[in-house]
file work_25.txt (compact mmCIF, C-alpha atoms)
# COMPACT_ATOMS: atom_id res chain seq x y z
CA MET M 1 0.00 0.00 0.00
CA MET M 2 1.36 3.41 -0.98
CA HIS M 3 1.12 5.95 1.83
CA TRP M 4 0.48 9.67 1.40
CA LEU M 5 3.25 12.06 2.37
CA PHE M 6 1.73 15.13 4.00
CA LEU M 7 3.47 18.34 2.94
CA LEU M 8 4.01 20.76 5.81
CA PRO M 9 5.53 24.25 5.74
CA ALA M 10 9.27 23.89 5.25
CA PHE M 11 11.54 25.40 7.87
CA ALA M 12 14.93 26.81 6.99
CA THR M 13 17.75 24.28 7.15
CA PRO M 14 20.37 25.22 9.78
CA PRO M 15 23.60 26.46 8.20
CA THR M 16 26.24 23.78 7.79
CA ALA M 17 29.51 24.06 9.61
CA GLU M 18 31.47 23.06 6.52
CA THR M 19 32.86 25.68 4.21
CA PHE M 20 31.13 25.73 0.85
CA ASP M 21 33.39 24.74 -2.07
CA LEU M 22 33.33 27.87 -4.22
CA SER M 23 34.82 25.97 -7.17
CA ARG M 24 31.34 24.47 -7.66
CA LEU M 25 30.28 27.89 -8.95
CA ASP M 26 32.78 27.94 -11.82
CA ASP M 27 30.30 26.40 -14.28
CA PRO M 28 26.68 27.59 -13.94
CA ARG M 29 25.26 25.02 -16.38
CA PRO M 30 24.96 22.12 -13.89
CA TRP M 31 22.98 24.41 -11.58
CA GLN M 32 20.72 25.42 -14.46
CA GLU M 33 20.07 21.77 -15.33
CA GLN M 34 19.39 20.90 -11.70
CA ALA M 35 16.93 23.81 -11.39
CA GLN M 36 14.68 22.23 -14.04
CA VAL M 37 13.37 19.78 -11.43
CA LEU M 38 11.36 22.65 -9.92
CA LEU M 39 9.31 23.03 -13.12
CA ASP M 40 9.17 19.33 -14.01
CA GLY M 41 8.81 17.66 -10.63
CA PRO M 42 10.73 14.50 -9.67
CA GLU M 43 12.00 12.04 -12.28
CA ARG M 44 9.33 9.52 -11.37
CA CYS M 45 5.55 9.23 -11.21
CA ILE M 46 3.78 10.85 -8.26
CA GLU M 47 0.14 11.33 -7.28
CA VAL M 48 -0.84 14.61 -5.63
CA GLN M 49 -3.80 16.21 -3.88
CA GLY M 50 -4.25 19.87 -3.05
CA THR M 51 -6.29 23.05 -3.15
CA ILE M 52 -6.69 25.69 -5.85
CA ARG M 53 -7.86 29.30 -5.76
CA VAL M 54 -8.26 31.46 -8.86
CA GLN M 55 -9.32 35.10 -8.69
CA VAL M 56 -10.26 37.25 -11.66
CA SER M 57 -10.57 40.99 -11.00
CA ILE M 58 -12.47 43.09 -13.52
CA TYR M 59 -11.62 46.80 -13.42
CA ILE M 60 -14.50 48.92 -14.75
CA PRO M 61 -13.53 52.44 -15.86
CA GLY M 62 -15.51 55.36 -14.53
CA GLY M 63 -17.62 57.67 -16.66
CA ILE M 64 -19.58 60.88 -16.41
CA TRP M 65 -22.32 59.23 -14.35
CA SER M 66 -20.33 56.51 -12.59
CA ALA M 67 -17.17 56.24 -10.54
CA GLY M 68 -16.15 52.87 -11.97
CA GLY M 69 -14.90 50.14 -9.71
CA GLN M 70 -13.58 46.61 -9.38
CA ARG M 71 -15.36 43.26 -9.30
CA ASN M 72 -13.57 40.20 -7.98
CA VAL M 73 -14.59 36.73 -9.11
CA VAL M 74 -13.18 33.80 -7.15
CA ALA M 75 -13.16 30.09 -7.99
CA GLU M 76 -12.01 27.72 -5.26
CA GLY M 77 -11.77 23.98 -5.10
CA THR M 78 -9.67 20.88 -4.64
CA PHE M 79 -7.71 18.85 -7.15
CA GLU M 80 -5.95 15.54 -7.57
CA GLY M 81 -3.69 14.36 -10.31
CA ARG M 82 -0.82 12.24 -11.54
CA LEU M 83 2.49 13.81 -12.59
CA ASP M 84 4.62 11.34 -14.52
CA HIS M 85 8.19 12.50 -15.25
CA GLY M 86 7.11 16.11 -15.75
CA VAL M 87 3.85 15.45 -17.65
CA TRP M 88 0.36 15.57 -16.16
CA THR M 89 -1.36 12.37 -17.29
CA ARG M 90 -4.36 13.25 -15.12
CA ILE M 91 -5.44 16.41 -13.32
CA ASP M 92 -9.02 16.78 -12.06
CA ALA M 93 -10.44 19.76 -10.18
CA THR M 94 -13.66 19.96 -8.16
CA TRP M 95 -14.92 23.55 -7.93
CA THR M 96 -17.14 25.09 -5.26
CA ASP M 97 -20.33 26.46 -6.81
CA ALA M 98 -20.66 30.27 -6.87
CA PRO M 99 -23.76 31.83 -5.21
CA ASN M 100 -26.61 32.39 -7.67
CA ASP M 101 -26.94 36.03 -6.58
CA ALA M 102 -23.26 36.88 -7.18
CA LEU M 103 -22.82 39.93 -9.44
CA ALA M 104 -19.79 38.28 -11.03
CA TYR M 105 -19.03 34.60 -11.47
CA MET M 106 -16.54 32.32 -13.21
CA GLU M 107 -16.86 29.05 -15.13
CA LEU M 108 -13.49 27.30 -15.19
CA ASP M 109 -13.00 23.79 -16.54
CA ARG M 110 -9.45 23.29 -15.26
CA PHE M 111 -6.40 25.19 -14.09
CA ARG M 112 -2.86 25.35 -15.43
CA PRO M 113 -0.16 24.60 -12.83
CA ILE M 114 3.33 26.04 -13.00
CA VAL M 115 4.80 22.60 -12.32
CA GLY M 116 4.59 20.02 -15.10
CA ARG M 117 3.28 20.13 -18.64
CA ILE M 118 -0.32 19.52 -19.70
CA PRO M 119 -0.55 17.73 -23.07
CA LYS M 120 -2.27 19.79 -25.74
CA ARG M 121 -5.71 18.76 -26.86
CA LYS M 122 -5.76 16.50 -29.90
CA ASP M 123 -8.28 18.75 -31.64
CA PRO M 124 -8.24 22.25 -30.07
CA GLU M 125 -10.27 23.73 -32.93
CA ALA M 126 -13.13 21.28 -32.33
CA ALA M 127 -13.04 22.04 -28.60
CA ALA M 128 -13.11 25.78 -29.36
CA LYS M 129 -16.12 25.38 -31.65
CA GLU M 130 -17.95 23.43 -28.96
CA PHE M 131 -17.14 26.13 -26.40
CA GLU M 132 -18.29 28.91 -28.76
CA ALA M 133 -21.54 27.08 -29.54
CA ASP M 134 -22.25 26.61 -25.84
CA ILE M 135 -21.72 30.32 -25.07
CA LYS M 136 -23.88 31.43 -28.01
CA SER M 137 -26.65 29.06 -26.98
CA ARG M 138 -26.87 30.67 -23.53
CA TYR M 139 -26.22 34.34 -24.32
CA THR M 140 -27.31 36.78 -27.00
CA ALA M 141 -24.84 38.63 -29.20
CA ASP M 142 -25.33 41.78 -27.11
CA GLU M 143 -24.58 39.85 -23.91
CA ILE M 144 -21.26 38.46 -25.22
CA VAL M 145 -18.68 41.16 -24.48
CA GLY M 146 -15.77 39.28 -26.03
CA MET M 147 -14.66 35.79 -26.94
CA GLY M 148 -11.33 34.33 -28.08
CA GLY M 149 -10.29 30.88 -29.23
CA PRO M 150 -7.02 28.93 -29.27
CA THR M 151 -3.93 30.31 -31.00
CA ASP M 152 -0.32 29.21 -31.29
CA ASP M 153 0.33 31.09 -28.04
CA SER M 154 -2.76 30.04 -26.07
CA PRO M 155 -4.21 26.53 -25.85
CA GLY M 156 -7.77 27.32 -24.79
CA SER M 157 -10.76 29.61 -25.13
CA MET M 158 -12.17 32.43 -23.05
CA ALA M 159 -15.33 34.51 -23.09
CA ILE M 160 -16.69 37.44 -21.09
CA THR M 161 -20.45 37.89 -20.84
CA LYS M 162 -22.69 40.53 -19.25
CA LYS M 163 -26.33 39.68 -18.55
CA GLY M 164 -28.05 42.52 -16.76
CA ASP M 165 -25.69 43.55 -13.97
CA ARG M 166 -24.07 40.11 -13.81
CA ILE M 167 -20.66 39.57 -15.41
CA GLY M 168 -19.46 36.08 -16.31
CA ILE M 169 -15.92 34.84 -16.99
CA HIS M 170 -15.84 31.58 -18.96
CA ILE M 171 -12.52 29.74 -19.40
CA ASP M 172 -12.12 26.44 -21.24
CA GLY M 173 -9.13 24.21 -21.91
CA GLY M 174 -6.64 26.07 -19.75
CA GLY M 175 -7.32 29.18 -21.79
CA ASP M 176 -6.48 31.61 -19.01
CA GLU M 177 -4.97 34.21 -21.32
CA ALA M 178 -3.10 36.23 -18.72
CA LEU M 179 -1.36 33.39 -16.93
CA GLY M 180 -0.85 31.61 -20.23
CA LEU M 181 1.19 34.55 -21.45
CA LEU M 182 3.58 34.16 -18.54
CA TYR M 183 4.17 30.48 -19.23
CA ASP M 184 4.63 31.17 -22.94
CA VAL M 185 7.32 33.70 -22.07
CA LEU M 186 9.22 31.06 -20.11
CA GLU M 187 8.85 28.47 -22.86
CA GLU M 188 9.72 30.65 -25.85
CA PHE M 189 12.75 32.66 -24.75
CA ASP M 190 16.02 32.20 -26.63
CA PRO M 191 18.52 30.57 -24.24
CA ASP M 192 21.42 31.79 -26.38
CA GLY M 193 20.62 35.35 -25.37
CA THR M 194 20.52 34.79 -21.63
CA ALA M 195 22.98 35.94 -18.98
CA LEU M 196 23.54 33.21 -16.40
CA TYR M 197 25.52 33.34 -13.16
CA VAL M 198 25.59 31.70 -9.72
CA THR M 199 26.67 33.07 -6.35
CA TRP M 200 27.08 31.73 -2.83
CA GLN M 201 25.14 33.73 -0.23
CA GLU M 202 27.05 33.23 2.98
CA ASP M 203 24.48 34.92 5.22
CA LYS M 204 21.66 32.67 3.96
CA GLN M 205 23.80 29.58 3.39
CA ARG M 206 22.52 28.98 -0.12
CA VAL M 207 23.45 29.12 -3.79
CA LEU M 208 21.55 31.66 -5.88
CA LEU M 209 21.17 31.00 -9.61
CA THR M 210 20.18 34.11 -11.58
CA GLU M 211 19.21 34.05 -15.25
CA SER M 212 18.45 37.31 -17.09
CA ILE M 213 16.44 36.65 -20.24
CA PRO M 214 15.64 39.12 -23.06
CA LEU M 215 11.91 39.71 -23.37
CA SER M 216 12.16 42.33 -26.10
CA LYS M 217 14.75 44.75 -27.45
CA LYS M 218 14.48 46.87 -24.31
CA ASP M 219 13.05 44.57 -21.61
CA THR M 220 14.39 41.55 -19.74
CA PHE M 221 12.96 39.30 -17.06
CA THR M 222 14.85 37.45 -14.36
CA VAL M 223 14.56 33.89 -13.06
CA GLN M 224 16.05 33.24 -9.63
CA VAL M 225 16.47 29.76 -8.14
CA MET M 226 17.66 29.05 -4.59
CA PHE M 227 19.61 25.95 -3.49
CA PRO M 228 19.72 25.72 0.35
CA ASN M 229 23.24 24.71 1.44
CA GLY M 230 24.03 24.06 -2.22
CA ASP M 231 21.74 21.02 -2.27
CA SER M 232 18.46 20.47 -4.17
CA PRO M 233 16.60 23.61 -5.35
CA THR M 234 13.44 24.49 -3.44
CA GLN M 235 12.52 28.03 -4.49
CA LEU M 236 11.93 29.77 -7.83
CA ASP M 237 10.90 33.38 -8.46
CA VAL M 238 10.35 35.06 -11.82
CA VAL M 239 10.61 38.85 -11.91
CA PHE M 240 9.01 40.51 -14.96
CA PRO M 241 9.18 44.15 -16.04
CA LYS M 242 6.48 46.37 -14.57
CA ARG M 243 4.80 46.46 -18.00
CA PHE M 244 5.51 44.50 -21.17
CA LYS M 245 4.00 43.14 -24.36
CA MET M 246 4.62 39.82 -26.00
CA GLU M 247 6.74 40.02 -29.15
CA ASN M 248 4.73 40.14 -32.37
CA GLU M 249 1.78 41.47 -30.36
CA GLU M 250 0.91 44.87 -31.83
CA ASP M 251 -2.38 45.38 -30.03
CA ALA M 252 -1.85 47.59 -26.96
CA GLU M 253 -4.89 45.94 -25.35
CA MET M 254 -2.75 42.85 -24.78
CA SER M 255 -0.20 44.68 -22.67
CA VAL M 256 0.68 42.96 -19.39
CA ARG M 257 1.64 44.51 -16.06
CA ASP M 258 2.40 43.39 -12.50
CA ALA M 259 3.21 39.86 -13.68
CA GLN M 260 4.91 37.43 -11.30
CA LEU M 261 5.51 33.72 -10.76
CA HIS M 262 6.57 32.05 -7.51
CA LEU M 263 7.19 28.41 -6.66
CA ARG M 264 8.15 26.75 -3.37
CA SER M 265 9.03 23.06 -3.34
CA GLN M 266 10.29 20.53 -0.81
CA SER M 267 13.06 17.96 -0.94
CA THR M 268 11.59 14.60 0.17
CA ASP M 269 12.26 10.88 -0.13
CA LEU M 270 10.34 11.05 -3.42
CA GLY M 271 12.62 13.79 -4.75
CA VAL M 272 11.89 17.50 -5.10
CA VAL M 273 8.08 17.79 -5.05
CA PRO M 274 5.94 20.94 -5.47
CA GLY M 275 4.64 22.65 -2.34
CA VAL M 276 3.06 26.04 -3.09
CA GLU M 277 2.87 28.04 -6.31
CA GLY M 278 1.42 31.39 -7.28
CA ALA M 279 1.05 33.34 -10.51
CA SER M 280 -0.60 36.67 -11.24
CA ALA M 281 -0.83 39.38 -13.88
CA VAL M 282 -3.03 42.24 -15.08
CA VAL M 283 -3.97 42.22 -18.77
CA ARG M 284 -5.91 44.60 -20.97
CA MET M 285 -8.28 42.69 -23.28
CA TYR M 286 -11.76 42.97 -24.81
CA GLY M 287 -12.00 46.56 -23.59
CA PHE M 288 -11.63 45.42 -19.98
CA THR M 289 -8.66 45.51 -17.64
CA ILE M 290 -8.57 42.08 -16.03
CA GLY M 291 -6.39 40.81 -13.22
CA PHE M 292 -5.64 37.10 -12.71
CA ASP M 293 -4.30 35.52 -9.55
CA GLN M 294 -3.83 31.77 -9.11
CA ARG M 295 -2.70 30.04 -5.90
CA VAL M 296 -2.06 26.29 -5.73
CA ALA M 297 -1.15 24.34 -2.59
CA TYR M 298 -0.02 20.72 -2.85
CA ARG M 299 -1.19 19.11 0.39
CA ARG M 300 -0.34 15.42 -0.10
CA VAL M 301 1.91 13.46 -2.42
CA ARG M 302 2.82 9.81 -2.85
CA ALA M 303 4.48 7.52 -5.37
CA CYS M 304 2.14 6.25 -8.07
CA SER M 305 0.40 3.01 -7.17
CA ASN M 306 2.07 1.12 -10.02
CA GLU M 307 5.58 2.04 -8.83
CA SER M 308 7.68 -0.15 -6.60
CA PRO M 309 8.23 1.24 -3.07
call {"tool": "encode", "arguments": {"input": "work_25.txt", "output": "structure tokens"}}
result
Amino acid sequence: MMHWLFLLPAFATPPTAETFDLSRLDDPRPWQEQAQVLLDGPERCIEVQGTIRVQVSIYIPGGIWSAGGQRNVVAEGTFEGRLDHGVWTRIDATWTDAPNDALAYMELDRFRPIVGRIPKRKDPEAAAKEFEADIKSRYTADEIVGMGGPTDDSPGSMAITKKGDRIGIHIDGGGDEALGLLYDVLEEFDPDGTALYVTWQEDKQRVLLTESIPLSKKDTFTVQVMFPNGDSPTQLDVVFPKRFKMENEEDAEMSVRDAQLHLRSQSTDLGVVPGVEGASAVVRMYGFTIGFDQRVAYRRVRACSNESP
């Protein structure tokens, strides 16, 4: 029988008495390769359970007769899944129903974790057509504020509706446009143009890997990975410019600001497993300014049932 490993908040490891071998910093590439385990998970199959919270904030501009404002839509639930050598072969979420009298609500079919890769749909165009038909069957043309389908940069679909005073956010196939942009940035950068270096932080007893990556001709973003005591990595932070646009994106309405990614993992007997992750951004689209914030907490993890102990 495979037992669950409960993930608890990780406490800082006491500094070692040994002097760190600074010659290990001469070549940053091994540290870069080792850091990949944070985004892929352990080199084995694990089953996980946890909680998920997604918040969409709609910023409504003021006018002559109104002061404008902000509406927050929150989706919360639990999830379970199987992560096999960096690929999600199963990930199922159970969402808490929103109150019927809520002025804003969200329909979300699944979420997109930072850790691991979700295989693309075999026929994204067919899924997009089904999503579009469903929205049009429930809302009139005047009630559909905006709707977008899959592209090379985004795997899913999204629609915004307004029925009376009630605003709806509908996301299908991991089509969370704002967070998707952040992941696409990480996946599409040119590694030949990066600046990579590692340092030993004596006061914190850890190795810090810093990678500066060109985002455009004038902007860069930074990935920082921490290795406590020079051992397995357990922390990743991505620092984006205050505002940026994706390359080849001419429409100013797709500008992104206040984007950030954070990941905290734990080193266990199963390897480095995800603990807590967060991603957020504010994007201008469909005439709305929309903020996205996703928080994922991995509560329990165990080896897959078909693996040997």
call {"tool": "residues_around", "arguments": {"input": "work_25.txt", "residues": "M:Asp293", "least_positions_apart": "2", "cutoff": "12 Å", "atoms": "all atoms listed in the file", "output": "ChimeraX atom specification"}}
result
/M:52-58,72-76,111-112,176-180,258-262,277-283,290-291,295-296
call {"tool": "atom_distance", "arguments": {"input": "work_25.txt", "atom1": "atom CA of M:Gln235", "atom2": "atom CA of M:Leu263"}}
result
5.8 Å
call {"tool": "residues_around", "arguments": {"input": "work_25.txt", "residues": "stretch 159-166 of chain M", "least_positions_apart": "5", "cutoff": "6 Å", "atoms": "all atoms listed in the file", "output": "PyMOL selection string"}}
result
chain M and resi 103-104+143-147
call {"tool": "residues_around", "arguments": {"input": "work_25.txt", "residues": "M:Gly230", "least_positions_apart": "6", "cutoff": "10 Å", "atoms": "all atoms listed in the file", "output": "PyMOL selection string"}}
result
chain M and resi 20-21+24-25+31+200-201+205-208
call {"tool": "residues_around", "arguments": {"input": "work_25.txt", "residues": "M:Gly148", "least_positions_apart": "5", "cutoff": "9 Å", "atoms": "all atoms listed in the file", "output": "PyMOL selection string"}}
result
chain M and resi 128+132+156-159
call {"tool": "atom_distance", "arguments": {"input": "work_25.txt", "atom1": "atom CA of M:Ser255", "atom2": "atom CA of M:Arg243"}}
result
7.1 Å
call {"tool": "closest_atom_pairs", "arguments": {"input": "work_25.txt", "of": "stretch 36-90 of chain M", "to": "stretch 222-227 of chain M", "cutoff": "12 Å", "atoms": "only C-alpha atoms", "output": "tab-separated table"}}
result
residue	atom	partner	partner_atom	distance
M:Gln36	CA	M:Val225	CA	9.7
M:Val37	CA	M:Val225	CA	11.0
M:Leu38	CA	M:Val225	CA	8.9
M:Leu39	CA	M:Val225	CA	11.0
call {"tool": "closest_atom_pairs", "arguments": {"input": "work_25.txt", "of": "stretch 195-292 of chain M", "to": "stretch 43-51 of chain M", "cutoff": "12 Å", "atoms": "all atoms listed in the file", "output": "JSON lines"}}
result
{"residue": "M:Asp269", "atom": "CA", "partner": "M:Arg44", "partner_atom": "CA", "distance": 11.7}
{"residue": "M:Leu270", "atom": "CA", "partner": "M:Ile46", "partner_atom": "CA", "distance": 8.2}
{"residue": "M:Gly271", "atom": "CA", "partner": "M:Glu43", "partner_atom": "CA", "distance": 7.8}
{"residue": "M:Val272", "atom": "CA", "partner": "M:Glu43", "partner_atom": "CA", "distance": 9.0}
{"residue": "M:Val273", "atom": "CA", "partner": "M:Ile46", "partner_atom": "CA", "distance": 8.8}
{"residue": "M:Pro274", "atom": "CA", "partner": "M:Val48", "partner_atom": "CA", "distance": 9.3}
{"residue": "M:Gly275", "atom": "CA", "partner": "M:Gly50", "partner_atom": "CA", "distance": 9.3}
{"residue": "M:Val276", "atom": "CA", "partner": "M:Gly50", "partner_atom": "CA", "distance": 9.6}
{"residue": "M:Glu277", "atom": "CA", "partner": "M:Thr51", "partner_atom": "CA", "distance": 10.9}
call {"tool": "atom_distance", "arguments": {"input": "work_25.txt", "atom1": "atom CA of M:Leu83", "atom2": "atom CA of M:Pro233"}}
result
18.6 Å
call {"tool": "residues_around", "arguments": {"input": "work_25.txt", "residues": "stretch 93-96 of chain M", "least_positions_apart": "6", "cutoff": "7 Å", "atoms": "all atoms listed in the file", "output": "number ranges by chain"}}
result
M: 75-80, 110
call {"tool": "closest_residue", "arguments": {"input": "work_25.txt", "among": "M:Thr19, M:Gln34, M:Gln294, M:Ser212", "to": "M:Asn229", "atoms": "all atoms listed in the file"}}
result
M:Thr19
call {"tool": "closest_residue", "arguments": {"input": "work_25.txt", "among": "M:Arg284, M:Glu33, M:Tyr105, M:Ala297", "to": "M:Ile169", "atoms": "all atoms listed in the file"}}
result
M:Tyr105
